[in-house]
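> What follows is the file work_12.pdb, containing PDB, C-alpha atoms, pLDDT in the B column:
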```pdb
ATOM      1  CA  MET A  13    -152.097  33.922 -63.687  1.00 60.00           C
ATOM      2  CA  TYR A  14    -152.137  32.877 -60.023  1.00 74.00           C
ATOM      3  CA  ASP A  15    -155.275  31.283 -58.592  1.00 76.00           C
ATOM      4  CA  ARG A  16    -157.025  32.762 -55.593  1.00 80.00           C
ATOM      5  CA  SER A  17    -155.531  30.336 -53.064  1.00 84.00           C
ATOM      6  CA  VAL A  18    -152.003  31.415 -54.038  1.00 85.00           C
ATOM      7  CA  ARG A  19    -152.972  35.067 -53.749  1.00 84.00           C
ATOM      8  CA  GLU A  20    -154.517  34.517 -50.317  1.00 86.00           C
ATOM      9  CA  GLN A  21    -151.487  32.560 -49.050  1.00 89.00           C
ATOM     10  CA  THR A  22    -149.153  35.280 -50.284  1.00 90.00           C
ATOM     11  CA  LEU A  23    -151.165  38.029 -48.603  1.00 90.00           C
ATOM     12  CA  ALA A  24    -151.215  35.987 -45.397  1.00 91.00           C
ATOM     13  CA  LEU A  25    -147.392  36.082 -45.369  1.00 91.00           C
ATOM     14  CA  VAL A  26    -147.501  39.860 -45.758  1.00 89.00           C
ATOM     15  CA  ALA A  27    -150.059  40.080 -42.951  1.00 89.00           C
ATOM     16  CA  GLN A  28    -147.490  38.469 -40.639  1.00 89.00           C
ATOM     17  CA  GLY A  29    -145.510  41.697 -40.906  1.00 88.00           C
ATOM     18  CA  ARG A  30    -143.003  40.501 -43.469  1.00 89.00           C
ATOM     19  CA  SER A  31    -141.709  42.837 -46.156  1.00 88.00           C
ATOM     20  CA  LEU A  32    -142.831  42.598 -49.757  1.00 86.00           C
ATOM     21  CA  HIS A  33    -139.226  41.888 -50.719  1.00 87.00           C
ATOM     22  CA  SER A  34    -138.922  38.826 -48.479  1.00 90.00           C
ATOM     23  CA  VAL A  35    -142.316  37.443 -49.514  1.00 90.00           C
ATOM     24  CA  SER A  36    -141.457  37.997 -53.175  1.00 89.00           C
ATOM     25  CA  LYS A  37    -138.122  36.247 -52.738  1.00 89.00           C
ATOM     26  CA  GLN A  38    -139.770  33.230 -51.057  1.00 90.00           C
ATOM     27  CA  THR A  39    -142.704  32.858 -53.459  1.00 90.00           C
ATOM     28  CA  GLY A  40    -141.158  34.037 -56.710  1.00 89.00           C
ATOM     29  CA  ILE A  41    -144.057  36.462 -57.161  1.00 88.00           C
ATOM     30  CA  SER A  42    -143.197  40.037 -58.068  1.00 83.00           C
ATOM     31  CA  ARG A  43    -143.627  42.784 -55.510  1.00 80.00           C
ATOM     32  CA  PHE A  44    -145.794  44.680 -58.016  1.00 70.00           C
ATOM     33  CA  ALA A  45    -148.255  41.761 -58.181  1.00 78.00           C
ATOM     34  CA  ILE A  46    -148.365  41.415 -54.399  1.00 86.00           C
ATOM     35  CA  ARG A  47    -148.924  45.136 -53.959  1.00 78.00           C
ATOM     36  CA  SER A  48    -151.784  45.070 -56.480  1.00 74.00           C
ATOM     37  CA  TRP A  49    -153.401  42.133 -54.625  1.00 78.00           C
ATOM     38  CA  GLN A  50    -153.386  44.216 -51.447  1.00 80.00           C
ATOM     39  CA  THR A  51    -155.660  46.670 -53.246  1.00 69.00           C
ATOM     40  CA  ARG A  52    -157.763  44.153 -55.178  1.00 68.00           C
ATOM     41  CA  ILE A  53    -157.381  40.412 -54.721  1.00 70.00           C
ATOM     42  CA  GLU A  54    -159.604  39.489 -57.673  1.00 63.00           C
ATOM     43  CA  PRO A  55    -157.818  39.639 -61.039  1.00 58.00           C
ATOM     44  CA  LEU A  56    -158.958  42.231 -63.541  1.00 51.00           C
ATOM     45  CA  SER A  57    -160.707  40.858 -66.616  1.00 49.00           C
ATOM     46  CA  ARG A  58    -160.890  42.668 -69.939  1.00 46.00           C
ATOM     47  CA  THR A  59    -164.409  43.850 -69.080  1.00 43.00           C
ATOM     48  CA  SER A  60    -164.073  44.555 -65.367  1.00 44.00           C
ATOM     49  CA  GLU A  61    -160.868  46.547 -65.875  1.00 78.00           C
ATOM     50  CA  CYS A  62    -163.166  49.425 -66.828  1.00 88.00           C
ATOM     51  CA  PRO A  63    -165.670  50.413 -64.120  1.00 89.00           C
ATOM     52  CA  ARG A  64    -168.071  51.714 -66.761  1.00 89.00           C
ATOM     53  CA  CYS A  65    -168.047  48.386 -68.649  1.00 87.00           C
ATOM     54  CA  GLU A  66    -169.005  46.196 -65.705  1.00 84.00           C
ATOM     55  CA  ARG A  67    -172.423  44.556 -65.521  1.00 86.00           C
ATOM     56  CA  VAL A  68    -173.410  47.294 -63.086  1.00 89.00           C
ATOM     57  CA  PRO A  69    -171.444  50.392 -64.201  1.00 90.00           C
ATOM     58  CA  ARG A  70    -169.754  52.323 -61.423  1.00 92.00           C
ATOM     59  CA  PRO A  71    -167.634  55.467 -61.219  1.00 93.00           C
ATOM     60  CA  PRO A  72    -163.814  55.319 -61.132  1.00 92.00           C
ATOM     61  CA  GLU A  73    -162.362  54.475 -57.732  1.00 90.00           C
ATOM     62  CA  ALA A  74    -159.885  57.370 -57.852  1.00 92.00           C
ATOM     63  CA  ALA A  75    -162.647  59.967 -57.590  1.00 94.00           C
ATOM     64  CA  ARG A  76    -160.476  62.988 -56.701  1.00 94.00           C
ATOM     65  CA  ALA A  77    -157.986  62.252 -59.475  1.00 95.00           C
ATOM     66  CA  TYR A  78    -160.857  61.745 -61.932  1.00 96.00           C
ATOM     67  CA  ALA A  79    -162.468  65.096 -61.078  1.00 97.00           C
ATOM     68  CA  TYR A  80    -159.118  66.836 -61.675  1.00 97.00           C
ATOM     69  CA  LEU A  81    -158.475  64.930 -64.906  1.00 97.00           C
ATOM     70  CA  LEU A  82    -161.991  65.739 -66.123  1.00 98.00           C
ATOM     71  CA  GLY A  83    -161.222  69.452 -65.728  1.00 97.00           C
ATOM     72  CA  LEU A  84    -157.946  69.048 -67.615  1.00 97.00           C
ATOM     73  CA  TYR A  85    -159.663  67.091 -70.406  1.00 97.00           C
ATOM     74  CA  LEU A  86    -162.443  69.666 -70.869  1.00 97.00           C
ATOM     75  CA  GLY A  87    -159.834  72.420 -71.065  1.00 94.00           C
ATOM     76  CA  ASP A  88    -156.839  71.105 -72.997  1.00 93.00           C
ATOM     77  CA  GLY A  89    -157.570  67.443 -73.656  1.00 94.00           C
ATOM     78  CA  CYS A  90    -158.652  65.284 -76.556  1.00 94.00           C
ATOM     79  CA  ILE A  91    -159.359  61.615 -77.232  1.00 94.00           C
ATOM     80  CA  SER A  92    -158.585  60.125 -80.624  1.00 91.00           C
ATOM     81  CA  LYS A  93    -158.831  56.694 -82.229  1.00 87.00           C
ATOM     82  CA  GLN A  94    -155.436  55.274 -83.102  1.00 76.00           C
ATOM     83  CA  PRO A  95    -155.327  54.055 -86.735  1.00 71.00           C
ATOM     84  CA  HIS A  96    -152.220  51.867 -86.339  1.00 66.00           C
ATOM     85  CA  ARG A  97    -152.861  50.443 -82.881  1.00 64.00           C
ATOM     86  CA  ARG A  98    -155.803  49.214 -80.874  1.00 67.00           C
ATOM     87  CA  GLY A  99    -157.648  51.584 -78.577  1.00 84.00           C
ATOM     88  CA  PHE A 100    -157.793  55.314 -78.032  1.00 92.00           C
ATOM     89  CA  ALA A 101    -155.287  57.936 -76.924  1.00 93.00           C
ATOM     90  CA  LEU A 102    -156.092  60.472 -74.235  1.00 96.00           C
ATOM     91  CA  ARG A 103    -153.836  63.513 -74.676  1.00 96.00           C
ATOM     92  CA  ILE A 104    -153.590  66.509 -72.369  1.00 96.00           C
ATOM     93  CA  ALA A 105    -151.520  69.466 -73.584  1.00 95.00           C
ATOM     94  CA  CYS A 106    -149.341  70.966 -70.822  1.00 94.00           C
ATOM     95  CA  ALA A 107    -147.035  73.955 -71.308  1.00 92.00           C
ATOM     96  CA  ASP A 108    -143.320  73.429 -70.670  1.00 92.00           C
ATOM     97  CA  ALA A 109    -143.454  76.446 -68.338  1.00 92.00           C
ATOM     98  CA  TRP A 110    -145.446  74.453 -65.761  1.00 92.00           C
ATOM     99  CA  PRO A 111    -143.485  71.286 -64.812  1.00 92.00           C
ATOM    100  CA  GLY A 112    -145.622  70.821 -61.696  1.00 92.00           C
ATOM    101  CA  LEU A 113    -148.720  70.662 -63.874  1.00 94.00           C
ATOM    102  CA  ILE A 114    -147.121  68.000 -66.074  1.00 95.00           C
ATOM    103  CA  VAL A 115    -146.381  65.859 -63.009  1.00 93.00           C
ATOM    104  CA  ALA A 116    -149.891  66.350 -61.587  1.00 94.00           C
ATOM    105  CA  CYS A 117    -151.458  65.440 -64.934  1.00 95.00           C
ATOM    106  CA  ARG A 118    -149.403  62.258 -65.231  1.00 94.00           C
ATOM    107  CA  GLU A 119    -150.263  61.219 -61.675  1.00 94.00           C
ATOM    108  CA  ALA A 120    -153.994  61.797 -62.209  1.00 94.00           C
ATOM    109  CA  MET A 121    -154.011  59.885 -65.488  1.00 94.00           C
ATOM    110  CA  LYS A 122    -152.187  56.947 -63.888  1.00 92.00           C
ATOM    111  CA  ALA A 123    -154.499  56.960 -60.861  1.00 92.00           C
ATOM    112  CA  VAL A 124    -157.602  56.777 -63.061  1.00 94.00           C
ATOM    113  CA  ARG A 125    -156.177  54.025 -65.324  1.00 93.00           C
ATOM    114  CA  PRO A 126    -153.456  52.306 -63.243  1.00 90.00           C
ATOM    115  CA  MET A 127    -153.214  49.394 -65.687  1.00 86.00           C
ATOM    116  CA  ASN A 128    -152.187  51.679 -68.572  1.00 89.00           C
ATOM    117  CA  SER A 129    -148.831  53.394 -68.981  1.00 89.00           C
ATOM    118  CA  VAL A 130    -148.521  57.177 -69.302  1.00 93.00           C
ATOM    119  CA  CYS A 131    -145.950  58.817 -71.564  1.00 93.00           C
ATOM    120  CA  VAL A 132    -144.902  62.392 -72.313  1.00 92.00           C
ATOM    121  CA  ILE A 133    -144.482  63.435 -75.955  1.00 91.00           C
ATOM    122  CA  GLN A 134    -142.550  66.650 -76.496  1.00 91.00           C
ATOM    123  CA  ARG A 135    -143.966  69.274 -78.825  1.00 89.00           C
ATOM    124  CA  GLN A 136    -142.843  72.845 -79.483  1.00 88.00           C
ATOM    125  CA  GLY A 137    -143.439  74.760 -76.245  1.00 87.00           C
ATOM    126  CA  CYS A 138    -145.506  72.023 -74.641  1.00 90.00           C
ATOM    127  CA  VAL A 139    -145.788  68.308 -73.946  1.00 93.00           C
ATOM    128  CA  MET A 140    -148.652  65.938 -74.644  1.00 95.00           C
ATOM    129  CA  VAL A 141    -149.255  63.765 -71.587  1.00 96.00           C
ATOM    130  CA  THR A 142    -150.616  60.637 -73.266  1.00 95.00           C
ATOM    131  CA  SER A 143    -152.132  57.304 -72.300  1.00 94.00           C
ATOM    132  CA  TYR A 144    -153.612  54.587 -74.538  1.00 92.00           C
ATOM    133  CA  SER A 145    -156.676  52.549 -73.594  1.00 91.00           C
ATOM    134  CA  HIS A 146    -159.829  51.097 -75.119  1.00 90.00           C
ATOM    135  CA  HIS A 147    -161.791  52.671 -72.297  1.00 92.00           C
ATOM    136  CA  TRP A 148    -161.038  56.398 -72.363  1.00 94.00           C
ATOM    137  CA  PRO A 149    -164.329  57.102 -74.228  1.00 94.00           C
ATOM    138  CA  CYS A 150    -166.154  55.155 -71.497  1.00 94.00           C
ATOM    139  CA  LEU A 151    -164.635  57.390 -68.823  1.00 96.00           C
ATOM    140  CA  PHE A 152    -165.033  60.612 -70.826  1.00 97.00           C
ATOM    141  CA  PRO A 153    -168.308  60.269 -72.760  1.00 95.00           C
ATOM    142  CA  GLN A 154    -167.952  63.915 -73.854  1.00 94.00           C
ATOM    143  CA  HIS A 155    -165.624  62.528 -76.549  1.00 92.00           C
ATOM    144  CA  GLY A 156    -166.968  63.009 -80.040  1.00 88.00           C
ATOM    145  CA  PRO A 157    -166.149  64.256 -83.537  1.00 87.00           C
ATOM    146  CA  GLY A 158    -165.123  67.860 -83.995  1.00 86.00           C
ATOM    147  CA  LYS A 159    -164.061  70.540 -81.541  1.00 89.00           C
ATOM    148  CA  LYS A 160    -165.576  70.641 -78.064  1.00 92.00           C
ATOM    149  CA  HIS A 161    -166.948  74.162 -78.501  1.00 89.00           C
ATOM    150  CA  GLU A 162    -168.785  73.075 -81.660  1.00 88.00           C
ATOM    151  CA  ARG A 163    -170.817  70.316 -80.002  1.00 92.00           C
ATOM    152  CA  PRO A 164    -172.907  70.019 -76.826  1.00 93.00           C
ATOM    153  CA  ILE A 165    -170.938  69.209 -73.665  1.00 95.00           C
ATOM    154  CA  ALA A 166    -172.861  67.849 -70.684  1.00 96.00           C
ATOM    155  CA  LEU A 167    -171.819  65.697 -67.743  1.00 97.00           C
ATOM    156  CA  GLU A 168    -173.515  62.391 -67.148  1.00 96.00           C
ATOM    157  CA  ALA A 169    -175.179  61.903 -63.769  1.00 96.00           C
ATOM    158  CA  TRP A 170    -172.295  59.830 -62.356  1.00 97.00           C
ATOM    159  CA  GLN A 171    -169.784  62.476 -63.456  1.00 97.00           C
ATOM    160  CA  GLN A 172    -171.805  65.262 -61.879  1.00 97.00           C
ATOM    161  CA  ARG A 173    -171.885  63.360 -58.594  1.00 97.00           C
ATOM    162  CA  LEU A 174    -168.081  63.143 -58.606  1.00 97.00           C
ATOM    163  CA  VAL A 175    -167.799  66.856 -59.377  1.00 98.00           C
ATOM    164  CA  ASP A 176    -170.236  67.614 -56.546  1.00 97.00           C
ATOM    165  CA  GLU A 177    -168.095  65.505 -54.194  1.00 96.00           C
ATOM    166  CA  HIS A 178    -164.804  67.061 -55.338  1.00 97.00           C
ATOM    167  CA  PRO A 179    -165.641  70.504 -56.772  1.00 98.00           C
ATOM    168  CA  TRP A 180    -162.237  72.020 -56.033  1.00 97.00           C
ATOM    169  CA  GLU A 181    -160.409  69.249 -57.890  1.00 96.00           C
ATOM    170  CA  PHE A 182    -162.632  69.848 -60.907  1.00 98.00           C
ATOM    171  CA  LEU A 183    -162.032  73.607 -60.726  1.00 98.00           C
ATOM    172  CA  ARG A 184    -158.304  73.047 -60.283  1.00 96.00           C
ATOM    173  CA  GLY A 185    -158.224  70.979 -63.481  1.00 97.00           C
ATOM    174  CA  LEU A 186    -160.085  73.670 -65.409  1.00 97.00           C
ATOM    175  CA  ILE A 187    -157.821  76.458 -64.114  1.00 97.00           C
ATOM    176  CA  HIS A 188    -154.684  74.390 -64.758  1.00 96.00           C
ATOM    177  CA  SER A 189    -155.774  73.894 -68.366  1.00 95.00           C
ATOM    178  CA  ASP A 190    -157.576  77.021 -69.565  1.00 93.00           C
ATOM    179  CA  GLY A 191    -157.140  79.356 -66.615  1.00 94.00           C
ATOM    180  CA  CYS A 192    -154.526  81.455 -64.864  1.00 94.00           C
ATOM    181  CA  ARG A 193    -153.826  83.550 -61.782  1.00 94.00           C
ATOM    182  CA  ILE A 194    -152.386  86.961 -62.606  1.00 90.00           C
ATOM    183  CA  THR A 195    -151.609  90.232 -60.859  1.00 88.00           C
ATOM    184  CA  ASN A 196    -153.609  93.163 -62.192  1.00 81.00           C
ATOM    185  CA  TRP A 197    -152.824  96.787 -61.462  1.00 75.00           C
ATOM    186  CA  THR A 198    -154.592 100.103 -61.481  1.00 73.00           C
ATOM    187  CA  THR A 199    -153.951 103.599 -60.131  1.00 72.00           C
ATOM    188  CA  ARG A 200    -155.675 105.468 -57.338  1.00 73.00           C
ATOM    189  CA  THR A 201    -155.408 108.993 -56.008  1.00 74.00           C
ATOM    190  CA  VAL A 202    -154.272 108.914 -52.370  1.00 72.00           C
ATOM    191  CA  GLY A 203    -153.590 112.230 -50.614  1.00 73.00           C
ATOM    192  CA  GLY A 204    -153.602 114.034 -53.928  1.00 74.00           C
ATOM    193  CA  ALA A 205    -151.015 111.685 -55.475  1.00 77.00           C
ATOM    194  CA  ARG A 206    -151.569 108.907 -58.017  1.00 79.00           C
ATOM    195  CA  LYS A 207    -150.383 105.570 -56.674  1.00 79.00           C
ATOM    196  CA  ARG A 208    -150.151 102.166 -58.298  1.00 76.00           C
ATOM    197  CA  TYR A 209    -152.362  99.473 -56.763  1.00 72.00           C
ATOM    198  CA  GLU A 210    -151.916  95.756 -57.496  1.00 78.00           C
ATOM    199  CA  TYR A 211    -154.341  92.914 -56.845  1.00 81.00           C
ATOM    200  CA  PRO A 212    -154.500  89.200 -57.785  1.00 91.00           C
ATOM    201  CA  ARG A 213    -157.137  87.846 -60.138  1.00 93.00           C
ATOM    202  CA  TYR A 214    -158.165  84.532 -61.670  1.00 95.00           C
ATOM    203  CA  PHE A 215    -159.234  84.129 -65.291  1.00 94.00           C
ATOM    204  CA  PHE A 216    -160.782  81.186 -67.096  1.00 95.00           C
ATOM    205  CA  THR A 217    -161.084  81.367 -70.885  1.00 93.00           C
ATOM    206  CA  ASN A 218    -162.960  78.931 -73.086  1.00 92.00           C
ATOM    207  CA  MET A 219    -164.927  78.974 -76.335  1.00 91.00           C
ATOM    208  CA  SER A 220    -167.542  76.421 -75.202  1.00 93.00           C
ATOM    209  CA  VAL A 221    -170.662  77.894 -73.607  1.00 93.00           C
ATOM    210  CA  ASP A 222    -171.324  74.533 -71.952  1.00 95.00           C
ATOM    211  CA  ILE A 223    -167.848  74.245 -70.395  1.00 96.00           C
ATOM    212  CA  LEU A 224    -168.096  77.849 -69.158  1.00 95.00           C
ATOM    213  CA  ARG A 225    -171.408  76.969 -67.537  1.00 96.00           C
ATOM    214  CA  LEU A 226    -169.909  73.918 -65.826  1.00 97.00           C
ATOM    215  CA  TYR A 227    -167.154  76.171 -64.494  1.00 97.00           C
ATOM    216  CA  THR A 228    -169.430  78.949 -63.225  1.00 96.00           C
ATOM    217  CA  ASP A 229    -171.984  76.507 -61.763  1.00 97.00           C
ATOM    218  CA  THR A 230    -169.183  74.898 -59.761  1.00 98.00           C
ATOM    219  CA  LEU A 231    -167.903  78.305 -58.631  1.00 97.00           C
ATOM    220  CA  ASP A 232    -171.398  79.076 -57.379  1.00 97.00           C
ATOM    221  CA  ARG A 233    -171.462  75.778 -55.513  1.00 96.00           C
ATOM    222  CA  VAL A 234    -168.276  76.563 -53.561  1.00 97.00           C
ATOM    223  CA  GLY A 235    -169.205  80.201 -52.881  1.00 96.00           C
ATOM    224  CA  VAL A 236    -166.842  81.981 -55.297  1.00 97.00           C
ATOM    225  CA  GLU A 237    -168.115  85.238 -56.823  1.00 96.00           C
ATOM    226  CA  TRP A 238    -167.383  85.703 -60.528  1.00 95.00           C
ATOM    227  CA  LYS A 239    -168.291  87.873 -63.466  1.00 92.00           C
ATOM    228  CA  PRO A 240    -167.830  87.776 -67.249  1.00 89.00           C
ATOM    229  CA  ALA A 241    -164.856  89.736 -68.511  1.00 82.00           C
ATOM    230  CA  ARG A 242    -164.059  91.141 -71.941  1.00 69.00           C
ATOM    231  CA  GLN A 243    -164.246  88.599 -74.724  1.00 61.00           C
ATOM    232  CA  SER A 244    -161.126  87.782 -76.723  1.00 55.00           C
ATOM    233  CA  ARG A 245    -160.767  85.960 -80.065  1.00 58.00           C
ATOM    234  CA  GLY A 246    -164.282  84.559 -79.844  1.00 59.00           C
ATOM    235  CA  ALA A 247    -163.643  83.080 -76.389  1.00 62.00           C
ATOM    236  CA  GLU A 248    -165.241  84.281 -73.192  1.00 88.00           C
ATOM    237  CA  ASN A 249    -163.306  85.144 -70.043  1.00 90.00           C
ATOM    238  CA  ILE A 250    -164.642  84.514 -66.556  1.00 93.00           C
ATOM    239  CA  SER A 251    -163.028  86.705 -63.899  1.00 93.00           C
ATOM    240  CA  VAL A 252    -162.700  86.142 -60.159  1.00 95.00           C
ATOM    241  CA  ALA A 253    -161.405  89.347 -58.585  1.00 92.00           C
ATOM    242  CA  ARG A 254    -163.158  89.932 -55.260  1.00 93.00           C
ATOM    243  CA  LYS A 255    -160.700  89.659 -52.384  1.00 93.00           C
ATOM    244  CA  ALA A 256    -162.571  86.959 -50.424  1.00 96.00           C
ATOM    245  CA  SER A 257    -163.148  84.837 -53.534  1.00 96.00           C
ATOM    246  CA  VAL A 258    -159.517  85.127 -54.660  1.00 96.00           C
ATOM    247  CA  ALA A 259    -158.418  84.072 -51.165  1.00 95.00           C
ATOM    248  CA  LEU A 260    -160.715  81.045 -51.395  1.00 95.00           C
ATOM    249  CA  MET A 261    -159.283  80.135 -54.802  1.00 96.00           C
ATOM    250  CA  ASP A 262    -155.744  80.579 -53.464  1.00 95.00           C
ATOM    251  CA  GLN A 263    -156.528  78.227 -50.592  1.00 94.00           C
ATOM    252  CA  HIS A 264    -157.669  75.408 -52.896  1.00 94.00           C
ATOM    253  CA  ILE A 265    -155.979  76.086 -56.258  1.00 93.00           C
ATOM    254  CA  GLY A 266    -153.222  78.686 -56.331  1.00 85.00           C
ATOM    255  CA  PRO A 267    -151.043  79.636 -59.301  1.00 85.00           C
ATOM    256  CA  LYS A 268    -149.667  77.099 -61.764  1.00 88.00           C
ATOM    257  CA  TYR A 269    -146.125  75.948 -61.139  1.00 87.00           C
TER
END
```
Output the file's structure as structure tokens, nothing else.


Amino acid sequence: MYDRSVREQTLALVAQGRSLHSVSKQTGISRFAIRSWQTRIEPLSRTSECPRCERVPRPPEAARAYAYLLGLYLGDGCISKQPHRRGFALRIACADAWPGLIVACREAMKAVRPMNSVCVIQRQGCVMVTSYSHHWPCLFPQHGPGKKHERPIALEAWQQRLVDEHPWEFLRGLIHSDGCRITNWTTRTVGGARKRYEYPRYFFTNMSVDILRLYTDTLDRVGVEWKPARQSRGAENISVARKASVALMDQHIGPKY
């Protein structure tokens, strides 16, 4: 542990325009440590490393990444206590077919908890993007026993503020987990002949009434028109099919990749 005077002297060398490599070589301090001091000069304690555990709780600094990760967690995520190790595991299931989603999930998880490592555990047809921390339940208070659709799900006031600030990131996380963009088709009679007509459409499917409400309330907030679609396997589908609303979704979300 370096005291504050050492940290300040090291940052002063960097402020002279020198590279992290040269300062690290001179001081014997790793470039990773110097880079972290540029973001936060005060060391993280075991309590202050979690913004929700501080004397005055605050939201995560990576607000955009958190809003996206919150959407992923509500869709395909879970938090579980680890019986053979300390802390909790946050796991987000991501299909192998969407490598871009896997990368985005890892980046968001790391941005929200930069002091914790993120690993990818392969399962049949999907991976579990996983990170271990004591503080995942602090950051996702929706954690609880049983399945999410079998218990009430509500955002705390600080979470709702982040969603209000970054509604598209929240929607993107929900679509990337339990949603999709597809091409529908129908037929029309034009000049006496039946012709095939294709149009894009977004679906979001979830079994939790509360999560569906969070999704549709946020759609309303950003001006996207939606309607319930046919139910399937006890889950409800929310459809976005109007041309202007699909274009708005394409601008901010787009298909999975």

> Which one is closest to Gly40 in chain A: A:Ala253, A:Val18, A:Lys268, A:Val68? Count all atoms listed in the file.

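Distance minimum relative to Gly40 in chain A lands on A:Val18.
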
> If we count all atoms listed in the file, what is near range 134-145 of chain A at a cut-off of 9 Å, once residues fewer than 2 positions away on the same chain are taken out, given as a PyMOL selection string?

chain A and resi 94+98-109+114+117-118+121-122+125+128-132+147-149

> For Phe182 in chain A, which of A:Gln263, A:Thr230, A:Ser257, A:Gln38 is the closest residue, counting all atoms listed in the file?

A:Thr230

> Kindly assemble as CSV a list of the range 148-254 of chain A residues that lie within 12 Å of range 75-82 of chain A, each paired with its nearest atom pair and their distance in Å to one decimal, using all atoms listed in the file, sorted first by chain and then by ascending residue number.


```
residue,atom,partner,partner_atom,distance
A:Trp148,CA,A:Leu82,CA,11.3
A:Leu151,CA,A:Tyr78,CA,9.0
A:Phe152,CA,A:Leu82,CA,7.6
A:Pro153,CA,A:Leu82,CA,10.7
A:Gln154,CA,A:Leu82,CA,9.9
A:His155,CA,A:Leu82,CA,11.5
A:Ala166,CA,A:Leu82,CA,12.0
A:Leu167,CA,A:Leu82,CA,10.0
A:Trp170,CA,A:Ala75,CA,10.8
A:Gln171,CA,A:Ala79,CA,8.1
A:Gln172,CA,A:Ala79,CA,9.4
A:Arg173,CA,A:Ala75,CA,9.9
A:Leu174,CA,A:Ala75,CA,6.4
A:Val175,CA,A:Ala79,CA,5.9
A:Asp176,CA,A:Ala79,CA,9.3
A:Glu177,CA,A:Arg76,CA,8.4
A:His178,CA,A:Arg76,CA,6.1
A:Pro179,CA,A:Ala79,CA,7.6
A:Trp180,CA,A:Tyr80,CA,8.3
A:Glu181,CA,A:Tyr80,CA,4.7
A:Phe182,CA,A:Tyr80,CA,4.7
A:Leu183,CA,A:Tyr80,CA,7.4
A:Arg184,CA,A:Tyr80,CA,6.4
A:Gly185,CA,A:Tyr80,CA,4.6
A:Leu186,CA,A:Tyr80,CA,7.8
A:Ile187,CA,A:Tyr80,CA,10.0
A:His188,CA,A:Tyr80,CA,9.3
A:Ser189,CA,A:Leu81,CA,10.0
A:Ile223,CA,A:Leu82,CA,11.2
A:Leu226,CA,A:Leu82,CA,11.4
A:Tyr227,CA,A:Leu82,CA,11.8
A:Thr230,CA,A:Ala79,CA,12.0
```

> Contacts of Gly158 in chain A at 12 Å or less, counting only C-alpha atoms, minus same-chain residues fewer than 6 places along, as a list in words?

Cys90, Ile91, Ser92, Pro164 and Ile165 of chain A

> As a check of understanding, name the residues that the PyMOL selection byres ((chain A and resi 41) around 12) selects in the supplied structure, as a PyMOL selection string.

chain A and resi 13-14+18-19+21-23+32-40+42-49

> Name the residues that the PyMOL selection byres ((chain A and resi 213) around 6) picks from the file above, as a list in words, using the file's chain letters and numbers.

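Output from the PyMOL selection byres ((chain A and resi 213) around 6), applied to this file: Arg193, Ile194, Pro212, Tyr214, Val252 and Ala253 of chain A.
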
> Produce a file of the selected residues containing C-alpha atoms, as a short mmCIF file (atom, residue, chain, number, x, y, z; two decimals), in the coordinates of the input.


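So the final result, stored in again35.cif, reads:
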```cif
data_model
loop_
_atom_site.label_atom_id
_atom_site.label_comp_id
_atom_site.auth_asym_id
_atom_site.auth_seq_id
_atom_site.Cartn_x
_atom_site.Cartn_y
_atom_site.Cartn_z
CA ARG A 193 -153.83 83.55 -61.78
CA ILE A 194 -152.39 86.96 -62.61
CA PRO A 212 -154.50 89.20 -57.78
CA TYR A 214 -158.16 84.53 -61.67
CA VAL A 252 -162.70 86.14 -60.16
CA ALA A 253 -161.40 89.35 -58.58
#
```

> Using the chain letters and numbers from the file, give me the residues hit by the PyMOL selection byres ((chain A and resi 269) around 8), as a JSON list (two decimals) with C-alpha atoms, in the frame of the given file.


```json
[["chain", "number", "residue", "atom", "x", "y", "z"],
["A", 109, "ALA", "CA", -143.45, 76.45, -68.34],
["A", 110, "TRP", "CA", -145.45, 74.45, -65.76],
["A", 111, "PRO", "CA", -143.49, 71.29, -64.81],
["A", 112, "GLY", "CA", -145.62, 70.82, -61.70],
["A", 113, "LEU", "CA", -148.72, 70.66, -63.87],
["A", 267, "PRO", "CA", -151.04, 79.64, -59.30],
["A", 268, "LYS", "CA", -149.67, 77.10, -61.76]]
```

> Which of these residues is nearest to Ser251 in chain A, using all atoms listed in the file: A:Ile265, A:Leu231, A:Ala120, A:Val221?

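Among the listed residues, the smallest separation from Ser251 in chain A belongs to A:Leu231.
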
> May I have the residues within 8 Å of Arg64 in chain A as a ChimeraX atom specification, using only C-alpha atoms and disregarding those fewer than 5 positions away in the same chain?

/A:69-72,150-151
